[in-house]
Amino acid sequence: MKKVLAWLLLISVCVTWSSAAENTGGLPGYFLNLGIGTRVLGMGRAGTAVADDISALYWNPAGLRQMRNLELMFNHNELFELTKYECIGVAVPTKYNWSFGLGLVQMFSPGTVKRDYFNTVTGEVSDVNSALLFSNAFSVTDKLQLGIGTKVVNKKFDDIDSTWLGFDFGALYTLTEIVRVGLDIQNIFVSSFRRYDTDYKAPMMTRVGVSSSLLDNALILTADLELTSSQYLKIYCGAEYRVWNIMMLRLGYDSNNLTAGFGVVVNNFLFDYAMLSHTLGLSHRAAVTYRFGKYKNITLPAKVDIIVPKKKIDYAVTVNTMKEIPVAVYHLFDAKNVAVTSINITNSTKKEVKFSVSARIDIKKSDEFWEVVVPPGETKELNIVPSLTREEVRAVEVVPTLSKISVEVYKLNAKGKPALLLHNMLPVTLLPYDQFVQEIVDAKNVKYDMIDTLATWVTYNDRSLTDVISKASEKGAASVPPIKIVGVQSPHLFTRPTPDSRSVEEKDQDYLTQVKLIYDTLKDNYGMTYINQPIAYGFSQRIKLPSEVLKNKGNCVELAVLFSSLLESIELDPIILLSIEDGHAVVGWRVAGEEKDVYHLMETSLFGEDFDKVLNQGNALIEQYGLQPEFAGKISFNANGVYKKDGDVLVLDIKKIHSFIPPSPNILR
């Protein structure tokens with residue numbers, strides 16, 4: 001029987017690895033990862049070999065055969081941003097070597113703002129994820145239990161209403177009186193659901209676990225390994241200690257996060273609580289379970305004192321990494337002093353020691369190495385930005401991608417021979433190559449304002465824009481009188497070598513004719529219009545590069561960066577106005593004068609209409625946003641090329657920002 005179980009474990013891991021290449025998209029049914037019940041969460045999610053109550057519906061269906069009483073459970077969780085996660089379930093053991101359970105799970109996120117074609121708020125939509133779970137467990141022998149689970153998962157969001165079916169398998173084997181091993185494979189067979197002409201499937205997940213009952217079952221130690229298609233290996237472990245027959249204290253380690261919790265037994269009621277750490281803060285979970293029939297407590301053994309001898313540590317290493325990396329602006333991290341990985345090495349010896357450090361993001365094939373010398377009794381910090389090529393950045397192109405950062409630290413002896421001190425793989429989420437974020441938090445927990453990095457999408461150096469300017473030039477040559485696309489230069493420069501002594505009003509009129517010519521070329525030759533199709537993730541948004549907008553049209557911010565790119569390509573001075581509250585962007589330009597500048601804005605949501613209408617509505621925004629004093633003289637941009645009006649309206653001086661933030665290197669050549 002042990003050989004059979006070993007083969008099951010091996011086959012399941014191999015199947016999961018082999019499917020990784022096919023399941024590289026999103027994670028349908030991701031909300032179920034929050035689990036059922038609270039006990040296992042307090043133990044670091046290590047429930048594969050320990051779940052012996054109704055929560056086995058999710059953690060390991062074979063665990064339902066460990067139940068001795070019919071159980072009814074209700075679980076309510078308040079998550080971040082008003083999101084609620086609730087589940088209710090019932091599990092029934094029978095006398096025929098068979099147990100079964102039924103559960104209903106729902107995650108409800110309200111308050112997503114919905115806008116129409118004109119960017120007007122039309123209401124709110126909610127994100128509702130639901131799942132119906134049905135599991136059966138069978139006793140094959142006294143030591144081996146098997147379980148089969150079925151789930152129907154549904155997602156509703158605005159006009160999306162998708163449903164898929166999945167099957168799970170679980171096994172539980174008692175090795176000795178105190179040791180059990182468990183296996184849980186989720187989504188072995190799943191039906192796909194279709195969205196935007198694409199089929200999506202939930203990825204297969206395999207968990208193997210072991211638990212040990214010590215001190216006459218008063219202390220339980222447990223650990224799990226989890227492998228999911230296209231994700232890194234996760235480790236969970238936890239402990240539960242029973243006190244006074246009525247209380248359970250719990251601690252756990254949940255893949256780099258600590259957890260804690262407790263349970264209280266009152267007659268047939270069991271109240272469970274868990275506290276989970278998270279990058280956004282602490283979250284709290286609570287559940288109540290009613291057990292029908294007589295509930296038996298476990299007798300508490302005598303207290304045992306455990307003495308752990310202290311061991312001197314010569315070298316200590318701590319590693320922190322960013323949790324989310326927007327690869328679109330990865331080329332700016334060095335200039336902004338952003339630390340992707342921060343490593344602290346402490347040398348407690350009395351001699352100077354040299355260390356070698358390697359750090360690599362998983363999408364990169366080769367390792368990079370850095371060396372650091374740490375004096376005796378001191379700690380050195382090493383902040384690292386592992387390199388990524390343009391091809392590696394462009395590979396992150398669909399959705400936020402789960403990856404990992406591999407870190408190794410070696411101690412070098414006098415001859416330079418390395419001895420490994422630490423090898424760690426830390427989780428990280430890579431945001432797509434075209435995703436803009438307003439701020440980031442680096443490995444040292446330092447927050448950076450990234451508003452000015454919008455200028456990196458303004459790719460005036462993109463050769464694909466040359467075709468637009470060429471067509472505009474041809475259109476201008478056929479005009480009466482002819483119009484030359486010469487940017488800031490005087491149109492007389494090519495007829496006689498005179499300095500440009502025009503007034504700001506004369507230059508304004510000249511620039512206006514050139515801008516109109518470029519706009520009409522986009523409208524007439526490219527059919528350029530506004531489309532309301534933002535792809536947003538929280539405080540970030542995916543933004544197509546200008547060359548892609550030329551082919552597929554764009555939303556307000558995409559049209560703003562496209563037009564800014566065209567203006568800057570002929571050396572005009574573009575500006576972009578952002579309204580954070582409205583989620584809107586418009587494009588404009590500045591005409592520089594000695595005493596005052598002249599500014600114009602174009603309403604991007606009207607692109608495709610006549611130029612005068614687009615210009616008039618854009619200039620009306622100056623009054624709408626209360627910017628008349630600033631636009632009547634010279635806007636006081638800060639050192640980063642950004643002007644903030646009451647913290648909500650921002651104006652970006654693209655040319656000034658480009659003096660220290662270059663255009664994106666991720667454009668296709």
# chains A, B, ... in the order shown; residues from 1 in each chain; ligands from 1
>>> residues_around(residues="Thr466 (chain A)", least_positions_apart="6", cutoff="12 Å", atoms="only C-alpha atoms", output="mmCIF file with all heavy atoms, in the first residue's frame")
data_model
loop_
_atom_site.group_PDB
_atom_site.id
_atom_site.type_symbol
_atom_site.label_atom_id
_atom_site.label_comp_id
_atom_site.auth_asym_id
_atom_site.auth_seq_id
_atom_site.Cartn_x
_atom_site.Cartn_y
_atom_site.Cartn_z
ATOM 1 N N THR A 459 6.700 57.768 -27.092
ATOM 2 C CA THR A 459 7.853 57.248 -27.840
ATOM 3 C C THR A 459 7.992 58.002 -29.162
ATOM 4 O O THR A 459 7.670 57.473 -30.234
ATOM 5 C CB THR A 459 7.694 55.742 -28.084
ATOM 6 O OG1 THR A 459 6.403 55.494 -28.662
ATOM 7 C CG2 THR A 459 7.773 54.970 -26.769
ATOM 8 N N TYR A 460 8.467 59.233 -29.069
ATOM 9 C CA TYR A 460 8.654 60.053 -30.270
ATOM 10 C C TYR A 460 9.703 59.470 -31.202
ATOM 11 O O TYR A 460 9.777 59.816 -32.380
ATOM 12 C CB TYR A 460 9.049 61.476 -29.873
ATOM 13 C CG TYR A 460 10.363 61.572 -29.131
ATOM 14 C CD1 TYR A 460 11.571 61.668 -29.809
ATOM 15 C CD2 TYR A 460 10.390 61.554 -27.739
ATOM 16 C CE1 TYR A 460 12.774 61.747 -29.122
ATOM 17 C CE2 TYR A 460 11.579 61.630 -27.051
ATOM 18 C CZ TYR A 460 12.776 61.722 -27.749
ATOM 19 O OH TYR A 460 13.968 61.793 -27.069
ATOM 20 N N ALA A 472 1.032 63.699 -43.204
ATOM 21 C CA ALA A 472 0.632 65.058 -42.842
ATOM 22 C C ALA A 472 1.369 66.080 -43.697
ATOM 23 O O ALA A 472 0.798 67.100 -44.116
ATOM 24 C CB ALA A 472 0.898 65.307 -41.363
ATOM 25 N N SER A 473 2.644 65.814 -43.969
ATOM 26 C CA SER A 473 3.432 66.724 -44.799
ATOM 27 C C SER A 473 2.886 66.783 -46.217
ATOM 28 O O SER A 473 2.795 67.854 -46.829
ATOM 29 C CB SER A 473 4.895 66.271 -44.812
ATOM 30 O OG SER A 473 5.687 67.125 -45.598
ATOM 31 N N ILE A 518 -1.773 67.402 -38.372
ATOM 32 C CA ILE A 518 -1.472 66.062 -37.837
ATOM 33 C C ILE A 518 -2.751 65.386 -37.362
ATOM 34 O O ILE A 518 -2.982 64.198 -37.623
ATOM 35 C CB ILE A 518 -0.449 66.172 -36.693
ATOM 36 C CG1 ILE A 518 0.905 66.653 -37.228
ATOM 37 C CG2 ILE A 518 -0.272 64.830 -35.994
ATOM 38 C CD1 ILE A 518 1.934 66.933 -36.149
ATOM 39 N N PRO A 546 2.224 53.859 -28.648
ATOM 40 C CA PRO A 546 1.660 54.600 -29.785
ATOM 41 C C PRO A 546 1.560 53.796 -31.079
ATOM 42 O O PRO A 546 0.574 53.909 -31.803
ATOM 43 C CB PRO A 546 2.616 55.789 -29.930
ATOM 44 C CG PRO A 546 3.077 56.038 -28.533
ATOM 45 C CD PRO A 546 3.217 54.674 -27.927
ATOM 46 N N SER A 547 2.561 52.977 -31.397
ATOM 47 C CA SER A 547 2.517 52.202 -32.638
ATOM 48 C C SER A 547 1.338 51.243 -32.647
ATOM 49 O O SER A 547 0.754 50.968 -33.705
ATOM 50 C CB SER A 547 3.832 51.431 -32.814
ATOM 51 O OG SER A 547 4.065 50.589 -31.701
ATOM 52 N N LEU A 550 -1.995 53.264 -33.233
ATOM 53 C CA LEU A 550 -2.205 53.568 -34.644
ATOM 54 C C LEU A 550 -2.986 52.462 -35.345
ATOM 55 O O LEU A 550 -3.768 52.716 -36.257
ATOM 56 C CB LEU A 550 -0.856 53.762 -35.355
ATOM 57 C CG LEU A 550 -0.175 55.123 -35.213
ATOM 58 C CD1 LEU A 550 1.164 55.108 -35.931
ATOM 59 C CD2 LEU A 550 -1.056 56.237 -35.755
ATOM 60 N N SER A 565 3.547 61.904 -28.637
ATOM 61 C CA SER A 565 4.686 61.355 -29.371
ATOM 62 C C SER A 565 4.843 62.036 -30.724
ATOM 63 O O SER A 565 5.962 62.361 -31.148
ATOM 64 C CB SER A 565 4.505 59.841 -29.564
ATOM 65 O OG SER A 565 4.372 59.177 -28.333
ATOM 66 N N LEU A 566 3.725 62.257 -31.428
ATOM 67 C CA LEU A 566 3.779 62.914 -32.732
ATOM 68 C C LEU A 566 4.230 64.367 -32.601
ATOM 69 O O LEU A 566 5.039 64.856 -33.403
ATOM 70 C CB LEU A 566 2.407 62.836 -33.406
ATOM 71 C CG LEU A 566 1.966 61.427 -33.843
ATOM 72 C CD1 LEU A 566 0.500 61.418 -34.210
ATOM 73 C CD2 LEU A 566 2.828 60.947 -35.005
ATOM 74 N N LEU A 567 3.719 65.078 -31.583
ATOM 75 C CA LEU A 567 4.127 66.475 -31.391
ATOM 76 C C LEU A 567 5.606 66.577 -31.065
ATOM 77 O O LEU A 567 6.329 67.419 -31.623
ATOM 78 C CB LEU A 567 3.292 67.111 -30.267
ATOM 79 C CG LEU A 567 1.797 67.294 -30.526
ATOM 80 C CD1 LEU A 567 1.133 67.952 -29.332
ATOM 81 C CD2 LEU A 567 1.553 68.097 -31.790
ATOM 82 N N GLU A 568 6.072 65.710 -30.159
ATOM 83 C CA GLU A 568 7.484 65.792 -29.777
ATOM 84 C C GLU A 568 8.389 65.359 -30.914
ATOM 85 O O GLU A 568 9.542 65.790 -30.988
ATOM 86 C CB GLU A 568 7.742 64.944 -28.537
ATOM 87 C CG GLU A 568 9.066 65.258 -27.868
ATOM 88 C CD GLU A 568 9.224 64.616 -26.504
ATOM 89 O OE1 GLU A 568 8.392 63.764 -26.138
ATOM 90 O OE2 GLU A 568 10.193 64.970 -25.807
ATOM 91 N N SER A 569 7.889 64.505 -31.824
ATOM 92 C CA SER A 569 8.724 64.066 -32.947
ATOM 93 C C SER A 569 9.044 65.213 -33.900
ATOM 94 O O SER A 569 10.020 65.146 -34.654
ATOM 95 C CB SER A 569 8.032 62.935 -33.709
ATOM 96 O OG SER A 569 6.913 63.414 -34.448
ATOM 97 N N ILE A 570 8.221 66.288 -33.887
ATOM 98 C CA ILE A 570 8.535 67.471 -34.701
ATOM 99 C C ILE A 570 8.972 68.633 -33.805
ATOM 100 O O ILE A 570 8.902 69.797 -34.205
ATOM 101 C CB ILE A 570 7.340 67.873 -35.582
ATOM 102 C CG1 ILE A 570 6.119 68.243 -34.736
ATOM 103 C CG2 ILE A 570 7.000 66.765 -36.568
ATOM 104 C CD1 ILE A 570 4.981 68.866 -35.541
#
>>> residues_around(residues="Gly618 (chain A)", least_positions_apart="6", cutoff="10 Å", atoms="only C-alpha atoms", output="ChimeraX atom specification")
/A:586-588,600-606,612,624
>>> write_last_selection(atoms="all heavy atoms", output="PDB file, in the first residue's frame")
ATOM      1  N   VAL A 586      -6.100  64.191 -21.102  1.00  0.00           N
ATOM      2  CA  VAL A 586      -6.188  64.970 -22.335  1.00  0.00           C
ATOM      3  C   VAL A 586      -4.786  65.404 -22.717  1.00  0.00           C
ATOM      4  O   VAL A 586      -3.873  65.464 -21.887  1.00  0.00           O
ATOM      5  CB  VAL A 586      -7.113  66.196 -22.183  1.00  0.00           C
ATOM      6  CG1 VAL A 586      -8.546  65.763 -21.920  1.00  0.00           C
ATOM      7  CG2 VAL A 586      -6.633  67.109 -21.070  1.00  0.00           C
ATOM      8  N   VAL A 587      -4.615  65.724 -23.996  1.00  0.00           N
ATOM      9  CA  VAL A 587      -3.301  66.098 -24.510  1.00  0.00           C
ATOM     10  C   VAL A 587      -3.326  67.561 -24.932  1.00  0.00           C
ATOM     11  O   VAL A 587      -4.380  68.102 -25.284  1.00  0.00           O
ATOM     12  CB  VAL A 587      -2.916  65.189 -25.698  1.00  0.00           C
ATOM     13  CG1 VAL A 587      -3.866  65.384 -26.872  1.00  0.00           C
ATOM     14  CG2 VAL A 587      -1.469  65.421 -26.122  1.00  0.00           C
ATOM     15  N   GLY A 588      -2.175  68.187 -24.889  1.00  0.00           N
ATOM     16  CA  GLY A 588      -2.069  69.570 -25.317  1.00  0.00           C
ATOM     17  C   GLY A 588      -0.643  69.908 -25.676  1.00  0.00           C
ATOM     18  O   GLY A 588       0.221  69.037 -25.770  1.00  0.00           O
ATOM     19  N   HIS A 600      -2.668  74.975 -25.088  1.00  0.00           N
ATOM     20  CA  HIS A 600      -3.899  74.458 -25.679  1.00  0.00           C
ATOM     21  C   HIS A 600      -4.091  73.018 -25.217  1.00  0.00           C
ATOM     22  O   HIS A 600      -3.118  72.282 -25.013  1.00  0.00           O
ATOM     23  CB  HIS A 600      -3.848  74.495 -27.213  1.00  0.00           C
ATOM     24  CG  HIS A 600      -3.854  75.868 -27.788  1.00  0.00           C
ATOM     25  ND1 HIS A 600      -4.989  76.655 -27.830  1.00  0.00           N
ATOM     26  CD2 HIS A 600      -2.858  76.609 -28.345  1.00  0.00           C
ATOM     27  CE1 HIS A 600      -4.692  77.812 -28.397  1.00  0.00           C
ATOM     28  NE2 HIS A 600      -3.397  77.815 -28.725  1.00  0.00           N
ATOM     29  N   LEU A 601      -5.359  72.616 -25.075  1.00  0.00           N
ATOM     30  CA  LEU A 601      -5.699  71.235 -24.752  1.00  0.00           C
ATOM     31  C   LEU A 601      -6.659  70.694 -25.803  1.00  0.00           C
ATOM     32  O   LEU A 601      -7.437  71.445 -26.395  1.00  0.00           O
ATOM     33  CB  LEU A 601      -6.365  71.137 -23.371  1.00  0.00           C
ATOM     34  CG  LEU A 601      -5.512  71.496 -22.158  1.00  0.00           C
ATOM     35  CD1 LEU A 601      -6.359  71.409 -20.889  1.00  0.00           C
ATOM     36  CD2 LEU A 601      -4.294  70.579 -22.042  1.00  0.00           C
ATOM     37  N   MET A 602      -6.603  69.375 -26.002  1.00  0.00           N
ATOM     38  CA  MET A 602      -7.501  68.689 -26.931  1.00  0.00           C
ATOM     39  C   MET A 602      -8.250  67.602 -26.164  1.00  0.00           C
ATOM     40  O   MET A 602      -7.625  66.789 -25.481  1.00  0.00           O
ATOM     41  CB  MET A 602      -6.716  68.080 -28.097  1.00  0.00           C
ATOM     42  CG  MET A 602      -5.965  69.104 -28.935  1.00  0.00           C
ATOM     43  SD  MET A 602      -4.840  68.331 -30.137  1.00  0.00           S
ATOM     44  CE  MET A 602      -6.004  67.417 -31.141  1.00  0.00           C
ATOM     45  N   GLU A 603      -9.571  67.575 -26.268  1.00  0.00           N
ATOM     46  CA  GLU A 603     -10.390  66.584 -25.568  1.00  0.00           C
ATOM     47  C   GLU A 603     -10.283  65.238 -26.276  1.00  0.00           C
ATOM     48  O   GLU A 603     -10.840  65.028 -27.352  1.00  0.00           O
ATOM     49  CB  GLU A 603     -11.841  67.051 -25.515  1.00  0.00           C
ATOM     50  CG  GLU A 603     -12.819  66.058 -24.895  1.00  0.00           C
ATOM     51  CD  GLU A 603     -12.408  65.598 -23.514  1.00  0.00           C
ATOM     52  OE1 GLU A 603     -12.764  66.284 -22.535  1.00  0.00           O
ATOM     53  OE2 GLU A 603     -11.730  64.564 -23.428  1.00  0.00           O
ATOM     54  N   THR A 604      -9.556  64.321 -25.666  1.00  0.00           N
ATOM     55  CA  THR A 604      -9.284  63.028 -26.311  1.00  0.00           C
ATOM     56  C   THR A 604     -10.549  62.197 -26.497  1.00  0.00           C
ATOM     57  O   THR A 604     -10.624  61.386 -27.426  1.00  0.00           O
ATOM     58  CB  THR A 604      -8.265  62.230 -25.479  1.00  0.00           C
ATOM     59  OG1 THR A 604      -8.683  62.230 -24.102  1.00  0.00           O
ATOM     60  CG2 THR A 604      -6.892  62.850 -25.573  1.00  0.00           C
ATOM     61  N   SER A 605     -11.542  62.362 -25.625  1.00  0.00           N
ATOM     62  CA  SER A 605     -12.768  61.563 -25.765  1.00  0.00           C
ATOM     63  C   SER A 605     -13.571  61.951 -27.003  1.00  0.00           C
ATOM     64  O   SER A 605     -14.516  61.247 -27.380  1.00  0.00           O
ATOM     65  CB  SER A 605     -13.644  61.699 -24.515  1.00  0.00           C
ATOM     66  OG  SER A 605     -14.129  63.016 -24.382  1.00  0.00           O
ATOM     67  N   LEU A 606     -13.206  63.084 -27.656  1.00  0.00           N
ATOM     68  CA  LEU A 606     -13.891  63.517 -28.877  1.00  0.00           C
ATOM     69  C   LEU A 606     -13.062  63.254 -30.127  1.00  0.00           C
ATOM     70  O   LEU A 606     -13.448  63.691 -31.221  1.00  0.00           O
ATOM     71  CB  LEU A 606     -14.231  65.014 -28.786  1.00  0.00           C
ATOM     72  CG  LEU A 606     -15.238  65.421 -27.697  1.00  0.00           C
ATOM     73  CD1 LEU A 606     -15.456  66.920 -27.730  1.00  0.00           C
ATOM     74  CD2 LEU A 606     -16.549  64.683 -27.869  1.00  0.00           C
ATOM     75  N   ASP A 612     -11.812  71.691 -34.576  1.00  0.00           N
ATOM     76  CA  ASP A 612     -12.229  72.851 -33.783  1.00  0.00           C
ATOM     77  C   ASP A 612     -13.044  72.415 -32.565  1.00  0.00           C
ATOM     78  O   ASP A 612     -12.902  72.967 -31.469  1.00  0.00           O
ATOM     79  CB  ASP A 612     -13.048  73.820 -34.637  1.00  0.00           C
ATOM     80  CG  ASP A 612     -12.186  74.527 -35.686  1.00  0.00           C
ATOM     81  OD1 ASP A 612     -10.947  74.547 -35.499  1.00  0.00           O
ATOM     82  OD2 ASP A 612     -12.747  75.020 -36.678  1.00  0.00           O
ATOM     83  N   GLN A 624     -12.853  74.267 -16.331  1.00  0.00           N
ATOM     84  CA  GLN A 624     -13.509  73.231 -15.536  1.00  0.00           C
ATOM     85  C   GLN A 624     -12.629  72.766 -14.381  1.00  0.00           C
ATOM     86  O   GLN A 624     -13.121  72.528 -13.274  1.00  0.00           O
ATOM     87  CB  GLN A 624     -13.862  72.042 -16.435  1.00  0.00           C
ATOM     88  CG  GLN A 624     -14.509  70.879 -15.686  1.00  0.00           C
ATOM     89  CD  GLN A 624     -14.849  69.719 -16.616  1.00  0.00           C
ATOM     90  OE1 GLN A 624     -15.134  69.911 -17.792  1.00  0.00           O
ATOM     91  NE2 GLN A 624     -14.807  68.506 -16.082  1.00  0.00           N
TER      92      GLN A 624
END
>>> residues_around(residues="region 440-457 of chain A", least_positions_apart="2", cutoff="7 Å", atoms="only C-alpha atoms", output="tab-separated table (two decimals) with all heavy atoms, in the first residue's frame")
chain	number	residue	atom	x	y	z
A	320	ASN	N	14.78	40.61	1.28
A	320	ASN	CA	13.45	41.15	0.98
A	320	ASN	C	13.38	41.47	-0.51
A	320	ASN	O	14.39	41.90	-1.10
A	320	ASN	CB	13.16	42.41	1.79
A	320	ASN	CG	12.99	42.12	3.27
A	320	ASN	OD1	12.11	41.39	3.68
A	320	ASN	ND2	13.87	42.68	4.09
A	321	THR	N	12.21	41.28	-1.09
A	321	THR	CA	12.03	41.59	-2.51
A	321	THR	C	10.76	42.40	-2.69
A	321	THR	O	9.90	42.45	-1.82
A	321	THR	CB	11.94	40.31	-3.36
A	321	THR	OG1	10.79	39.57	-2.96
A	321	THR	CG2	13.18	39.46	-3.20
A	322	MET	N	10.66	43.02	-3.87
A	322	MET	CA	9.41	43.70	-4.23
A	322	MET	C	8.30	42.66	-4.37
A	322	MET	O	8.55	41.52	-4.77
A	322	MET	CB	9.57	44.47	-5.55
A	322	MET	CG	10.51	45.64	-5.49
A	322	MET	SD	10.62	46.53	-7.08
A	322	MET	CE	8.98	47.25	-7.19
A	338	VAL	N	15.47	52.36	-7.09
A	338	VAL	CA	14.49	51.36	-6.64
A	338	VAL	C	15.23	50.04	-6.41
A	338	VAL	O	16.00	49.59	-7.25
A	338	VAL	CB	13.38	51.17	-7.69
A	338	VAL	CG1	12.44	50.05	-7.27
A	338	VAL	CG2	12.62	52.47	-7.88
A	339	ALA	N	14.99	49.42	-5.27
A	339	ALA	CA	15.62	48.14	-4.93
A	339	ALA	C	14.63	47.02	-5.22
A	339	ALA	O	13.60	46.92	-4.57
A	339	ALA	CB	16.05	48.10	-3.47
A	340	VAL	N	14.95	46.19	-6.21
A	340	VAL	CA	14.12	45.02	-6.49
A	340	VAL	C	14.34	43.96	-5.41
A	340	VAL	O	13.40	43.33	-4.93
A	340	VAL	CB	14.44	44.45	-7.88
A	340	VAL	CG1	13.69	43.14	-8.12
A	340	VAL	CG2	14.07	45.46	-8.95
A	341	THR	N	15.58	43.78	-5.03
A	341	THR	CA	15.94	42.84	-3.97
A	341	THR	C	16.89	43.54	-3.00
A	341	THR	O	17.85	44.18	-3.43
A	341	THR	CB	16.63	41.59	-4.54
A	341	THR	OG1	15.74	40.95	-5.46
A	341	THR	CG2	16.97	40.60	-3.44
A	342	SER	N	16.62	43.44	-1.71
A	342	SER	CA	17.48	44.02	-0.69
A	342	SER	C	18.00	42.90	0.21
A	342	SER	O	17.21	42.15	0.78
A	342	SER	CB	16.71	45.05	0.14
A	342	SER	OG	17.53	45.65	1.12
A	436	PHE	N	0.86	50.68	-16.69
A	436	PHE	CA	1.28	51.89	-15.98
A	436	PHE	C	0.77	51.84	-14.54
A	436	PHE	O	-0.37	51.47	-14.28
A	436	PHE	CB	0.71	53.12	-16.69
A	436	PHE	CG	0.83	54.40	-15.91
A	436	PHE	CD1	2.06	55.01	-15.72
A	436	PHE	CD2	-0.30	55.00	-15.35
A	436	PHE	CE1	2.16	56.19	-15.00
A	436	PHE	CE2	-0.21	56.17	-14.63
A	436	PHE	CZ	1.03	56.77	-14.46
A	437	VAL	N	1.63	52.19	-13.58
A	437	VAL	CA	1.24	52.24	-12.18
A	437	VAL	C	1.55	53.63	-11.63
A	437	VAL	O	2.51	54.27	-12.03
A	437	VAL	CB	1.98	51.17	-11.33
A	437	VAL	CG1	1.60	49.78	-11.78
A	437	VAL	CG2	3.50	51.34	-11.42
A	438	GLN	N	0.71	54.08	-10.70
A	438	GLN	CA	0.90	55.42	-10.13
A	438	GLN	C	1.98	55.45	-9.06
A	438	GLN	O	2.61	56.48	-8.85
A	438	GLN	CB	-0.42	55.91	-9.54
A	438	GLN	CG	-1.52	56.12	-10.55
A	438	GLN	CD	-2.78	56.69	-9.93
A	438	GLN	OE1	-2.72	57.41	-8.95
A	438	GLN	NE2	-3.92	56.39	-10.51
A	459	THR	N	6.70	57.77	-27.09
A	459	THR	CA	7.85	57.25	-27.84
A	459	THR	C	7.99	58.00	-29.16
A	459	THR	O	7.67	57.47	-30.23
A	459	THR	CB	7.69	55.74	-28.08
A	459	THR	OG1	6.40	55.49	-28.66
A	459	THR	CG2	7.77	54.97	-26.77
A	545	LEU	N	1.26	51.11	-26.47
A	545	LEU	CA	2.26	52.01	-27.01
A	545	LEU	C	1.72	52.66	-28.28
A	545	LEU	O	0.83	52.10	-28.95
A	545	LEU	CB	3.56	51.25	-27.30
A	545	LEU	CG	4.33	50.81	-26.04
A	545	LEU	CD1	5.38	49.78	-26.39
A	545	LEU	CD2	4.96	52.01	-25.35
A	561	VAL	N	-0.88	59.84	-25.23
A	561	VAL	CA	0.54	59.51	-25.43
A	561	VAL	C	0.87	59.42	-26.91
A	561	VAL	O	1.98	59.76	-27.34
A	561	VAL	CB	0.93	58.22	-24.68
A	561	VAL	CG1	0.74	58.38	-23.19
A	561	VAL	CG2	0.17	57.01	-25.18
A	642	VAL	N	6.28	67.92	-13.24
A	642	VAL	CA	4.88	67.67	-12.88
A	642	VAL	C	4.34	68.88	-12.12
A	642	VAL	O	4.99	69.40	-11.21
A	642	VAL	CB	4.73	66.40	-12.03
A	642	VAL	CG1	3.27	66.18	-11.65
A	642	VAL	CG2	5.28	65.18	-12.77
A	654	ILE	N	6.01	66.91	-20.82
A	654	ILE	CA	6.63	65.70	-21.38
A	654	ILE	C	8.09	65.93	-21.76
A	654	ILE	O	8.96	65.09	-21.47
A	654	ILE	CB	5.82	65.19	-22.58
A	654	ILE	CG1	4.39	64.86	-22.15
A	654	ILE	CG2	6.49	63.96	-23.20
A	654	ILE	CD1	4.29	63.79	-21.09
A	657	ILE	N	10.24	66.04	-18.64
A	657	ILE	CA	10.37	64.71	-18.04
A	657	ILE	C	11.31	63.84	-18.87
A	657	ILE	O	12.09	63.05	-18.32
A	657	ILE	CB	8.98	64.06	-17.90
A	657	ILE	CG1	8.10	64.86	-16.95
A	657	ILE	CG2	9.11	62.62	-17.40
A	657	ILE	CD1	6.68	64.36	-16.86
A	658	HIS	N	11.27	64.00	-20.18
A	658	HIS	CA	12.12	63.18	-21.04
A	658	HIS	C	13.60	63.50	-20.89
A	658	HIS	O	14.45	62.75	-21.37
A	658	HIS	CB	11.71	63.35	-22.51
A	658	HIS	CG	10.69	62.35	-22.94
A	658	HIS	ND1	9.96	62.46	-24.11
A	658	HIS	CD2	10.26	61.21	-22.36
A	658	HIS	CE1	9.14	61.44	-24.22
A	658	HIS	NE2	9.30	60.67	-23.17
A	661	ILE	N	13.77	60.83	-17.99
A	661	ILE	CA	13.05	59.57	-18.20
A	661	ILE	C	12.95	59.34	-19.70
A	661	ILE	O	12.17	60.02	-20.38
A	661	ILE	CB	11.65	59.60	-17.57
A	661	ILE	CG1	11.75	59.65	-16.05
A	661	ILE	CG2	10.83	58.39	-17.99
A	661	ILE	CD1	10.40	59.64	-15.34
A	662	PRO	N	13.71	58.42	-20.25
A	662	PRO	CA	13.71	58.22	-21.70
A	662	PRO	C	12.45	57.50	-22.17
A	662	PRO	O	11.75	56.87	-21.37
A	662	PRO	CB	14.95	57.36	-21.93
A	662	PRO	CG	15.10	56.59	-20.65
A	662	PRO	CD	14.65	57.53	-19.56
A	663	PRO	N	12.16	57.57	-23.47
A	663	PRO	CA	11.04	56.78	-24.01
A	663	PRO	C	11.27	55.28	-23.79
A	663	PRO	O	12.40	54.83	-23.61
A	663	PRO	CB	11.06	57.12	-25.51
A	663	PRO	CG	11.77	58.43	-25.59
A	663	PRO	CD	12.80	58.41	-24.50
A	664	SER	N	10.20	54.55	-23.81
A	664	SER	CA	10.26	53.11	-23.53
A	664	SER	C	11.20	52.39	-24.49
A	664	SER	O	11.16	52.61	-25.71
A	664	SER	CB	8.86	52.50	-23.64
A	664	SER	OG	8.93	51.09	-23.54
>>> closest_residue(among="A:Ile622, A:Ser356, A:Glu581, A:Tyr232", to="Thr429 (chain A)", atoms="only C-alpha atoms")
A:Tyr232
>>> select_by_dssp(residues="region 243-441 of chain A", states="strand (DSSP E or B)", output="ChimeraX atom specification")
/A:243,247-254,257-266,269-278,281-291,315-321,324-326,341-347,353-361,369-374,379-384,401-412,418-431,435-437,439-441
